[in-house]
$ cat protein.txt   # compact mmCIF, C-alpha atoms and all ligand atoms
# COMPACT_ATOMS: atom_id res chain seq x y z
CA MET A 1 48.50 -3.75 123.92
CA GLY A 2 48.90 -1.42 120.93
CA GLU A 3 50.28 -2.20 117.49
CA PRO A 4 53.99 -3.17 117.43
CA LEU A 5 56.27 -0.21 116.82
CA SER A 6 57.57 0.27 113.29
CA ILE A 7 60.84 2.16 112.81
CA GLY A 8 62.58 3.42 109.67
CA ILE A 9 66.24 4.45 109.40
CA ILE A 10 67.21 6.66 106.45
CA GLY A 11 70.83 5.75 105.72
CA GLY A 12 70.32 2.46 107.58
CA GLY A 13 73.19 0.86 105.66
CA GLY A 14 75.79 3.30 107.08
CA TRP A 15 78.03 2.96 110.13
CA LEU A 16 75.71 4.53 112.68
CA GLY A 17 72.46 3.48 110.93
CA ARG A 18 73.52 -0.15 111.04
CA ALA A 19 74.66 0.10 114.67
CA ILE A 20 71.28 1.55 115.72
CA ALA A 21 69.32 -0.96 113.61
CA GLU A 22 71.13 -3.95 115.11
CA ALA A 23 70.93 -2.54 118.64
CA ILE A 24 67.18 -1.93 118.56
CA VAL A 25 66.45 -5.33 117.05
CA ASP A 26 68.67 -7.05 119.66
CA ALA A 27 66.95 -5.07 122.44
CA GLN A 28 63.56 -6.16 121.01
CA ILE A 29 62.39 -2.57 120.64
CA VAL A 30 61.39 -3.43 117.09
CA ALA A 31 61.11 -6.72 115.23
CA ALA A 32 63.23 -6.89 112.06
CA GLU A 33 59.95 -7.35 110.15
CA HIS A 34 58.82 -3.89 111.37
CA LEU A 35 62.07 -2.16 110.54
CA THR A 36 62.62 -0.33 107.24
CA LEU A 37 66.13 0.67 106.20
CA SER A 38 67.03 2.84 103.23
CA TYR A 39 70.21 2.82 101.20
CA ARG A 40 71.56 4.72 98.24
CA SER A 41 73.31 2.10 96.16
CA GLY A 42 73.75 -1.64 96.69
CA GLN A 43 71.56 -3.24 99.37
CA PRO A 44 73.70 -4.21 102.40
CA GLY A 45 73.58 -7.88 103.47
CA PHE A 46 72.75 -7.51 107.19
CA LEU A 47 69.24 -7.75 108.71
CA PRO A 48 67.78 -9.58 105.69
CA ASN A 49 64.34 -9.73 107.37
CA ALA A 50 64.07 -5.94 107.49
CA THR A 51 62.47 -4.10 104.57
CA TRP A 52 65.17 -2.44 102.48
CA THR A 53 64.28 0.39 100.13
CA ARG A 54 65.82 3.22 98.13
CA ASP A 55 62.58 5.21 98.53
CA ASN A 56 62.74 7.37 101.67
CA GLN A 57 59.10 8.46 101.42
CA GLU A 58 58.05 4.81 101.35
CA LEU A 59 60.19 4.32 104.49
CA ALA A 60 58.49 7.29 106.18
CA ASP A 61 55.01 6.04 105.23
CA ARG A 62 55.73 2.56 106.64
CA SER A 63 57.21 3.79 109.97
CA ASP A 64 55.91 5.22 113.27
CA VAL A 65 59.39 6.57 114.02
CA ILE A 66 61.75 7.90 111.35
CA ILE A 67 65.47 8.15 112.14
CA VAL A 68 67.63 10.24 109.81
CA SER A 69 71.19 8.85 109.70
CA VAL A 70 72.77 10.28 106.56
CA ARG A 71 75.81 12.55 106.52
CA PRO A 72 74.95 16.25 106.93
CA GLN A 73 76.03 16.96 103.34
CA ASP A 74 73.42 14.44 102.10
CA TRP A 75 70.65 15.90 104.26
CA PRO A 76 69.57 18.70 101.86
CA ALA A 77 68.65 16.05 99.28
CA ILE A 78 66.28 14.23 101.68
CA ASP A 79 62.89 15.43 100.54
CA ILE A 80 60.22 13.57 102.52
CA SER A 81 57.22 14.29 104.71
CA ALA A 82 57.13 12.58 108.10
CA ASP A 83 53.54 13.81 108.24
CA GLY A 84 53.49 14.69 111.93
CA LYS A 85 55.17 11.49 113.11
CA LEU A 86 58.12 11.24 115.53
CA ALA A 87 61.38 11.94 113.67
CA MET A 88 64.85 11.56 115.18
CA SER A 89 68.16 12.78 113.79
CA VAL A 90 71.70 11.66 114.57
CA MET A 91 73.22 14.23 112.21
CA ALA A 92 75.92 16.54 113.50
CA GLY A 93 74.98 20.20 113.40
CA VAL A 94 71.41 20.06 112.09
CA PRO A 95 69.10 22.01 114.47
CA LEU A 96 65.62 21.06 115.65
CA ASP A 97 63.75 23.84 113.83
CA GLN A 98 65.29 22.82 110.52
CA LEU A 99 64.47 19.14 111.12
CA ALA A 100 60.84 20.03 111.92
CA ARG A 101 60.42 22.27 108.89
CA ARG A 102 62.09 19.99 106.37
CA LEU A 103 60.50 16.75 107.65
CA ASN A 104 57.03 18.25 108.11
CA THR A 105 56.55 17.29 111.74
CA GLU A 106 56.57 19.14 115.07
CA ARG A 107 57.70 15.95 116.86
CA VAL A 108 61.49 15.95 116.44
CA VAL A 109 64.36 14.69 118.58
CA ARG A 110 67.95 15.74 117.88
CA THR A 111 70.52 13.23 119.13
CA LEU A 112 74.27 12.77 118.83
CA PRO A 113 75.40 9.18 119.44
CA ASN A 114 78.97 8.07 118.87
CA ALA A 115 80.78 5.28 117.06
CA ALA A 116 80.74 3.07 120.17
CA ALA A 117 77.04 2.49 119.39
CA GLU A 118 78.46 -0.34 117.27
CA VAL A 119 79.35 -2.13 120.54
CA ARG A 120 76.34 -0.72 122.48
CA ASN A 121 78.58 1.69 124.37
CA SER A 122 77.59 5.03 122.90
CA TYR A 123 77.11 8.09 125.04
CA THR A 124 74.20 9.96 123.46
CA PRO A 125 72.96 13.42 124.44
CA TRP A 126 69.53 14.28 123.06
CA ILE A 127 66.91 17.01 123.10
CA GLY A 128 63.29 17.06 121.94
CA SER A 129 61.24 19.83 120.33
CA LEU A 130 58.27 21.34 122.15
CA GLY A 131 55.99 19.09 120.09
CA VAL A 132 57.31 15.76 121.44
CA THR A 133 54.91 13.87 123.69
CA ALA A 134 55.70 11.87 126.84
CA ASP A 135 55.34 8.70 124.75
CA ASP A 136 57.77 10.10 122.17
CA ARG A 137 60.36 10.78 124.88
CA ASN A 138 59.96 7.27 126.17
CA VAL A 139 60.40 5.77 122.69
CA ALA A 140 63.43 7.98 121.95
CA CYS A 141 65.03 7.00 125.27
CA ARG A 142 64.51 3.28 124.66
CA ILE A 143 66.05 3.53 121.17
CA LEU A 144 69.07 5.50 122.40
CA GLU A 145 69.61 3.38 125.52
CA ALA A 146 69.72 0.27 123.31
CA CYS A 147 72.93 1.85 121.92
CA GLY A 148 74.50 2.70 125.32
CA ALA A 149 74.01 5.54 127.82
CA ALA A 150 71.81 8.53 126.95
CA ASP A 151 71.07 11.87 128.63
CA GLU A 152 68.47 14.48 127.81
CA VAL A 153 70.17 17.91 127.78
CA GLU A 154 68.75 21.38 128.33
CA SER A 155 69.69 23.20 125.16
CA GLU A 156 70.83 22.70 121.60
CA ALA A 157 74.01 24.58 122.52
CA ASP A 158 74.79 21.61 124.80
CA ILE A 159 74.36 19.25 121.83
CA ASP A 160 76.65 21.45 119.70
CA TYR A 161 79.37 21.23 122.36
CA LEU A 162 78.87 17.52 123.06
CA THR A 163 79.05 16.79 119.31
CA GLY A 164 82.80 17.32 119.68
CA LEU A 165 83.27 16.03 123.24
CA THR A 166 81.34 12.77 122.96
CA GLY A 167 80.13 12.45 119.35
CA SER A 168 83.68 12.76 118.05
CA GLY A 169 84.97 11.49 121.41
CA PRO A 170 86.02 7.94 120.44
CA ALA A 171 88.39 9.44 117.87
CA PHE A 172 90.47 11.11 120.60
CA PRO A 173 91.55 8.01 122.57
CA ALA A 174 92.04 6.41 119.13
CA LEU A 175 94.40 9.29 118.25
CA LEU A 176 96.27 8.76 121.53
CA ALA A 177 96.43 5.01 120.84
CA ALA A 178 97.82 5.64 117.34
CA ALA A 179 100.51 7.99 118.72
CA MET A 180 101.46 5.49 121.45
CA MET A 181 101.62 2.66 118.91
CA ASP A 182 103.77 4.66 116.51
CA ASP A 183 106.19 5.48 119.31
CA ALA A 184 106.38 1.83 120.43
CA ILE A 185 107.07 0.63 116.89
CA ARG A 186 109.68 3.34 116.36
CA ARG A 187 111.45 2.00 119.45
CA GLY A 188 111.52 -1.57 118.14
CA ILE A 189 108.39 -3.14 119.68
CA SER A 190 106.70 -5.48 117.18
CA PRO A 191 103.50 -4.06 115.60
CA ASP A 192 101.50 -6.96 117.04
CA ILE A 193 102.64 -6.42 120.61
CA ALA A 194 102.29 -2.63 120.16
CA ARG A 195 98.66 -3.02 119.08
CA ARG A 196 97.74 -5.54 121.79
CA SER A 197 99.45 -3.58 124.55
CA VAL A 198 98.01 -0.18 123.61
CA SER A 199 94.49 -1.61 123.19
CA ALA A 200 94.78 -3.29 126.59
CA VAL A 201 95.81 0.02 128.19
CA LEU A 202 92.84 1.88 126.70
CA ILE A 203 90.30 -0.81 127.52
CA GLY A 204 91.72 -1.27 131.02
CA THR A 205 91.65 2.48 131.69
CA GLY A 206 88.05 2.70 130.50
CA LYS A 207 87.06 -0.04 132.92
CA LEU A 208 89.06 1.56 135.74
CA LEU A 209 87.33 4.91 135.20
CA GLU A 210 83.97 3.16 135.08
CA ALA A 211 84.61 1.19 138.29
CA ARG A 212 85.98 4.11 140.34
CA SER A 213 83.97 7.20 141.11
CA ASP A 214 87.11 9.38 141.35
CA ASN A 215 87.40 12.41 139.14
CA PRO A 216 90.00 11.57 136.45
CA LYS A 217 91.97 14.57 137.76
CA ASP A 218 92.34 12.78 141.13
CA ILE A 219 93.61 9.64 139.41
CA VAL A 220 96.19 11.74 137.53
CA ARG A 221 97.18 13.41 140.82
CA THR A 222 97.71 9.98 142.45
CA PHE A 223 100.04 9.02 139.59
CA LEU A 224 101.91 12.32 139.88
CA ASP A 225 102.45 11.77 143.61
CA TYR A 226 104.72 8.75 142.92
CA ARG A 227 107.24 11.14 141.36
CA GLY A 228 108.21 8.24 139.12
CA THR A 229 107.89 7.27 135.44
CA THR A 230 104.26 8.35 135.08
CA ALA A 231 104.91 11.79 136.55
CA ALA A 232 107.89 12.21 134.22
CA ALA A 233 105.72 11.33 131.21
CA ILE A 234 102.70 13.44 132.23
CA GLU A 235 104.81 16.50 132.96
CA ALA A 236 106.63 16.21 129.61
CA MET A 237 103.31 15.77 127.75
CA CYS A 238 101.71 18.78 129.48
CA ALA A 239 104.83 20.92 128.88
CA ALA A 240 104.50 20.01 125.19
CA GLY A 241 100.96 21.41 125.20
CA PHE A 242 98.75 18.36 125.77
CA GLU A 243 95.94 20.17 127.63
CA ALA A 244 95.99 23.15 125.27
CA ALA A 245 95.84 20.79 122.29
CA VAL A 246 92.72 19.09 123.74
CA ALA A 247 91.04 22.46 124.40
CA ASP A 248 91.89 23.68 120.88
CA GLY A 249 90.53 20.45 119.38
CA LEU A 250 87.23 20.69 121.27
CA ALA A 251 86.86 24.37 120.31
CA ALA A 252 87.41 23.46 116.63
CA ALA A 253 84.76 20.70 116.86
CA LEU A 254 82.23 23.11 118.43
CA GLN A 255 82.85 25.71 115.74
CA LYS A 256 82.46 23.06 113.03
CA SER A 257 79.21 21.75 114.55
CA VAL A 258 77.68 25.24 114.58
CA SER A 259 78.88 26.03 111.06
CA MET A 260 77.56 22.71 109.70
CA GLY A 261 74.10 23.61 111.04
CA GLN A 262 74.25 27.02 109.39
CA ALA A 263 75.38 25.51 106.06
CA SER A 264 72.82 22.68 105.90
N1 LIG B 301 80.07 7.75 112.65
C1 LIG B 301 80.09 8.45 113.79
O1 LIG B 301 80.97 8.28 114.64
C2 LIG B 301 79.00 9.43 114.08
C3 LIG B 301 78.16 9.88 113.11
N2 LIG B 301 77.19 10.80 113.42
C4 LIG B 301 76.29 11.28 112.39
O2 LIG B 301 75.62 10.17 111.85
C5 LIG B 301 75.32 10.42 110.49
C6 LIG B 301 75.72 9.20 109.69
O3 LIG B 301 77.10 8.97 109.86
P1 LIG B 301 77.76 7.58 109.48
O4 LIG B 301 76.82 6.46 109.71
O5 LIG B 301 79.07 7.55 110.15
O6 LIG B 301 77.99 7.79 107.90
P2 LIG B 301 77.96 6.71 106.75
O7 LIG B 301 78.50 7.35 105.54
O8 LIG B 301 78.60 5.42 107.21
O9 LIG B 301 76.41 6.40 106.55
C7 LIG B 301 75.52 7.25 105.88
C8 LIG B 301 74.72 6.38 104.94
O10 LIG B 301 73.67 7.15 104.38
C9 LIG B 301 73.49 6.70 103.04
N3 LIG B 301 72.72 7.70 102.32
C10 LIG B 301 73.10 8.92 101.91
N4 LIG B 301 72.09 9.54 101.28
C11 LIG B 301 71.05 8.68 101.31
C12 LIG B 301 69.73 8.75 100.82
N5 LIG B 301 69.28 9.81 100.16
N6 LIG B 301 68.91 7.70 101.05
C13 LIG B 301 69.35 6.60 101.70
N7 LIG B 301 70.60 6.48 102.19
C14 LIG B 301 71.44 7.51 101.98
C15 LIG B 301 74.91 6.48 102.54
O11 LIG B 301 74.92 5.68 101.37
C16 LIG B 301 75.54 5.81 103.77
O12 LIG B 301 75.37 4.41 103.74
C17 LIG B 301 76.06 11.69 110.10
O13 LIG B 301 75.13 12.73 109.96
C18 LIG B 301 77.00 11.97 111.25
O14 LIG B 301 77.09 13.35 111.51
C19 LIG B 301 76.99 11.25 114.68
C20 LIG B 301 77.79 10.82 115.68
C21 LIG B 301 78.87 9.89 115.47
O1 LIG B 302 82.78 13.82 112.51
C1 LIG B 302 81.57 14.03 112.40
O2 LIG B 302 81.14 15.05 111.84
C2 LIG B 302 80.60 13.05 113.02
C3 LIG B 302 79.81 13.67 114.12
C4 LIG B 302 80.44 13.22 115.36
C5 LIG B 302 81.24 12.12 114.95
N1 LIG B 302 81.26 12.01 113.70

$ encode --input "protein.txt" --output "structure tokens" --more "lines below"
Ligand SMILES: NC(=O)C1=CN([C@@H]2O[C@H](COP(=O)(O)OP(=O)(O)OC[C@H]3O[C@@H](n4cnc5c(N)ncnc54)[C@H](O)[C@@H]3O)[C@@H](O)[C@H]2O)C=CC1
Ligand SMILES: O=C(O)[C@@H]1CCC=N1
Amino acid sequence: MGEPLSIGIIGGGGWLGRAIAEAIVDAQIVAAEHLTLSYRSGQPGFLPNATWTRDNQELADRSDVIIVSVRPQDWPAIDISADGKLAMSVMAGVPLDQLARRLNTERVVRTLPNAAAEVRNSYTPWIGSLGVTADDRNVACRILEACGAADEVESEADIDYLTGLTGSGPAFPALLAAAMMDDAIRRGISPDIARRSVSAVLIGTGKLLEARSDNPKDIVRTFLDYRGTTAAAIEAMCAAGFEAAVADGLAAALQKSVSMGQAS
């Protein structure tokens, strides 16, 4: 058996960095003692057995795999050499060629998890550069699957689109939940019941979609066929522009993803 894997996460104290760190330790992909996490100010209190540092080059030197998990606007200030090692990015917009050039390695994997990584339910599309080896792909897959489901995609254009659809994705049901809650409260339902009931609807629907292989369109059609309350609601929502609003939102996310890559 080879040496145990060592992994470093730049921005390991952030939302996604922490989620990945805790997921890969729980999945025993890396021992906390072989994990290095960097932070900018104030060492976070979780994973006390990991090595915490402010020095990103030290992190890179200590790690076989380097994961960059800072916000895209903080990426230009990251000035390290991965020295040919496997580097992975979770940053929205930043393309593979830029990662390779700036991190000094041909072995780069661009990924786009989502916030549900915190509860090991991310959906994460990823793509590797030509320089990644079969072992690299295997390591990247294990890391990403510790955070939920992961799929290798064919092009970076797919990642740009999925950045909005799935990377930003959890925000959309959250937006729907917020609108449903506001409406319930406006109509006199207590905030506590409004929160519990709306959360239960979203969680229950997620499980229903997971359990049934139907296309969501077919489920909607079944509801419409009752010609009852659900049909009345769906038709009013669609007449008010629901589907167009979703399409406009996803187009705006795609445009932003591409422009963030050009600006970084
Ligand atoms: N939060 C989300 O839902 C998703 C985030 N992403 C991507 O993940 C990346 C991180 O996002 P979040 O974790 O949400 O942001 P965050 O702001 O919670 O975490 C970023 C962390 O990086 C740290 N940081 C910044 N510069 C640093 C430096 N030079 N050295 C060490 N640490 C540094 C910050 O102090 C912060 O703790 C972003 O690029 C974002 O595009 C991708 C998909 C989903
Ligand atoms: O909003 C953002 O830019 C990041 C990427 C996807 C989710 N959060």

$ residues_near_ligand --input "protein.txt" --ligand "ligand LIG 301 (chain B)" --cutoff "7 Å" --atoms "all atoms listed in the file" --output "ChimeraX atom specification"
/A:10-17,38-41,54,56,69-72,74,77-78,90-92,112-115,167-168

$ closest_residue --input "protein.txt" --among "A:Thr222, A:Thr124, A:Ser190, A:Thr205" --to "ligand LIG 302 (chain B)" --atoms "only C-alpha atoms and all ligand atoms"
A:Thr124

$ residues_around --input "protein.txt" --residues "A:Ala50" --least-positions-apart "4" --cutoff "12 Å" --atoms "all atoms listed in the file" --output "list in words"
Ser6, Ile7, Gly8, Ile9, Gly12, Gly13, Arg18, Ala21, Glu22, Val25, Val30, Ala31, Ala32, Glu33, His34, Leu35, Thr36, Leu37, Ser38, Gln43, Pro44, Gly45, Phe46, Leu59 and Arg62 of chain A

$ residues_around --input "protein.txt" --residues "A:Val132" --least-positions-apart "2" --cutoff "10 Å" --atoms "only C-alpha atoms" --output "PDB file with C-alpha atoms, in the coordinates of the input"
ATOM      1  CA  LYS A  85      55.170  11.490 113.110  1.00  0.00           C
ATOM      2  CA  LEU A  86      58.120  11.240 115.530  1.00  0.00           C
ATOM      3  CA  ALA A  87      61.380  11.940 113.670  1.00  0.00           C
ATOM      4  CA  THR A 105      56.550  17.290 111.740  1.00  0.00           C
ATOM      5  CA  GLU A 106      56.570  19.140 115.070  1.00  0.00           C
ATOM      6  CA  ARG A 107      57.700  15.950 116.860  1.00  0.00           C
ATOM      7  CA  VAL A 108      61.490  15.950 116.440  1.00  0.00           C
ATOM      8  CA  VAL A 109      64.360  14.690 118.580  1.00  0.00           C
ATOM      9  CA  ILE A 127      66.910  17.010 123.100  1.00  0.00           C
ATOM     10  CA  GLY A 128      63.290  17.060 121.940  1.00  0.00           C
ATOM     11  CA  SER A 129      61.240  19.830 120.330  1.00  0.00           C
ATOM     12  CA  LEU A 130      58.270  21.340 122.150  1.00  0.00           C
ATOM     13  CA  ALA A 134      55.700  11.870 126.840  1.00  0.00           C
ATOM     14  CA  ASP A 135      55.340   8.700 124.750  1.00  0.00           C
ATOM     15  CA  ASP A 136      57.770  10.100 122.170  1.00  0.00           C
ATOM     16  CA  ARG A 137      60.360  10.780 124.880  1.00  0.00           C
ATOM     17  CA  ALA A 140      63.430   7.980 121.950  1.00  0.00           C
TER      18      ALA A 140
END

$ residues_around --input "protein.txt" --residues "stretch 100-104 of chain A" --least-positions-apart "5" --cutoff "10 Å" --atoms "only C-alpha atoms" --output "list in words"
Ala60, Ile66, Val68, Trp75, Pro76, Ile78, Asp79, Ile80, Ser81, Ala82, Asp83, Gly84, Lys85, Leu86, Ala87, Met88, Pro95, Val109, Ser129 and Gly131 of chain A

$ closest_residue --input "protein.txt" --among "A:Thr133, A:Ser259, A:Ser213, A:Thr51" --to "ligand LIG 302 (chain B)" --atoms "all atoms listed in the file"
A:Ser259

$ closest_residue --input "protein.txt" --among "A:Ala23, A:Ala231, A:Leu250, A:Leu5" --to "A:Gly169" --atoms "all atoms listed in the file"
A:Leu250

$ atom_distance --input "protein.txt" --atom1 "atom CA of A:Glu210" --atom2 "atom CA of A:Arg120"
15.2 Å

$ closest_residue --input "protein.txt" --among "A:Ile193, A:Ala200, A:Ile234, A:Leu165" --to "A:Asp248" --atoms "only C-alpha atoms"
A:Leu165

$ residues_around --input "protein.txt" --residues "A:Cys147" --least-positions-apart "6" --cutoff "8 Å" --atoms "all atoms listed in the file" --output "short mmCIF file (atom, residue, chain, number, x, y, z; two decimals) with C-alpha atoms, in the coordinates of the input"
data_model
loop_
_atom_site.label_atom_id
_atom_site.label_comp_id
_atom_site.auth_asym_id
_atom_site.auth_seq_id
_atom_site.Cartn_x
_atom_site.Cartn_y
_atom_site.Cartn_z
CA ALA A 19 74.66 0.10 114.67
CA ILE A 20 71.28 1.55 115.72
CA ALA A 23 70.93 -2.54 118.64
CA ILE A 24 67.18 -1.93 118.56
CA ALA A 117 77.04 2.49 119.39
CA GLU A 118 78.46 -0.34 117.27
CA VAL A 119 79.35 -2.13 120.54
CA ARG A 120 76.34 -0.72 122.48
CA ASN A 121 78.58 1.69 124.37
CA SER A 122 77.59 5.03 122.90
#

$ decode --input "protein.txt" --residues "stretch 141-211 of chain A" --atoms "C-alpha atoms" --output "short mmCIF file (atom, residue, chain, number, x, y, z; two decimals), in the first residue's frame"
data_model
loop_
_atom_site.label_atom_id
_atom_site.label_comp_id
_atom_site.auth_asym_id
_atom_site.auth_seq_id
_atom_site.Cartn_x
_atom_site.Cartn_y
_atom_site.Cartn_z
CA CYS A 141 -14.24 11.15 -7.97
CA ARG A 142 -13.79 9.82 -4.43
CA ILE A 143 -13.46 13.35 -3.02
CA LEU A 144 -16.52 14.63 -4.88
CA GLU A 145 -18.66 11.55 -4.16
CA ALA A 146 -17.95 12.02 -0.44
CA CYS A 147 -19.97 15.25 -0.86
CA GLY A 148 -22.90 13.70 -2.80
CA ALA A 149 -23.42 12.71 -6.44
CA ALA A 150 -20.85 13.64 -9.10
CA ASP A 151 -20.73 13.39 -12.89
CA GLU A 152 -17.85 13.93 -15.28
CA VAL A 153 -19.05 16.19 -18.13
CA GLU A 154 -17.79 16.57 -21.67
CA SER A 155 -16.94 20.24 -21.90
CA GLU A 156 -16.28 23.33 -19.85
CA ALA A 157 -19.35 24.88 -21.47
CA ASP A 158 -21.37 22.21 -19.62
CA ILE A 159 -19.76 23.33 -16.34
CA ASP A 160 -20.58 26.98 -17.14
CA TYR A 161 -24.24 26.08 -17.65
CA LEU A 162 -24.44 23.73 -14.65
CA THR A 163 -22.86 26.43 -12.44
CA GLY A 164 -26.28 28.10 -12.55
CA LEU A 165 -28.50 25.01 -12.77
CA THR A 166 -26.94 22.95 -9.98
CA GLY A 167 -24.18 25.07 -8.39
CA SER A 168 -26.65 27.86 -7.64
CA GLY A 169 -29.48 25.30 -7.69
CA PRO A 170 -30.22 25.04 -3.95
CA ALA A 171 -30.95 28.78 -3.93
CA PHE A 172 -33.94 28.33 -6.26
CA PRO A 173 -36.07 25.99 -4.11
CA ALA A 174 -34.99 28.22 -1.20
CA LEU A 175 -36.40 31.21 -3.11
CA LEU A 176 -39.65 29.30 -3.71
CA ALA A 177 -39.76 28.33 -0.02
CA ALA A 178 -39.26 31.96 1.02
CA ALA A 179 -42.07 33.13 -1.29
CA MET A 180 -44.42 30.38 -0.01
CA MET A 181 -43.58 31.24 3.60
CA ASP A 182 -44.15 34.96 3.07
CA ASP A 183 -47.53 34.25 1.52
CA ALA A 184 -48.53 31.92 4.39
CA ILE A 185 -47.54 34.49 7.01
CA ARG A 186 -49.36 37.25 5.14
CA ARG A 187 -52.49 35.11 5.34
CA GLY A 188 -52.21 34.65 9.10
CA ILE A 189 -50.33 31.33 9.46
CA SER A 190 -47.85 31.50 12.35
CA PRO A 191 -44.19 31.85 11.28
CA ASP A 192 -43.36 28.59 13.03
CA ILE A 193 -46.01 26.56 11.24
CA ALA A 194 -45.19 28.35 7.96
CA ARG A 195 -41.53 27.34 8.25
CA ARG A 196 -42.22 23.74 9.29
CA SER A 197 -44.88 23.21 6.64
CA VAL A 198 -42.89 24.71 3.76
CA SER A 199 -39.72 22.81 4.72
CA ALA A 200 -41.73 19.58 4.91
CA VAL A 201 -43.13 20.21 1.40
CA LEU A 202 -39.67 20.78 -0.08
CA ILE A 203 -38.06 17.83 1.66
CA GLY A 204 -41.00 15.56 0.85
CA THR A 205 -40.96 16.59 -2.82
CA GLY A 206 -37.22 15.94 -3.03
CA LYS A 207 -37.74 12.44 -1.68
CA LEU A 208 -40.70 11.85 -3.99
CA LEU A 209 -38.66 12.89 -7.04
CA GLU A 210 -35.80 10.67 -5.88
CA ALA A 211 -38.05 7.65 -5.31
#
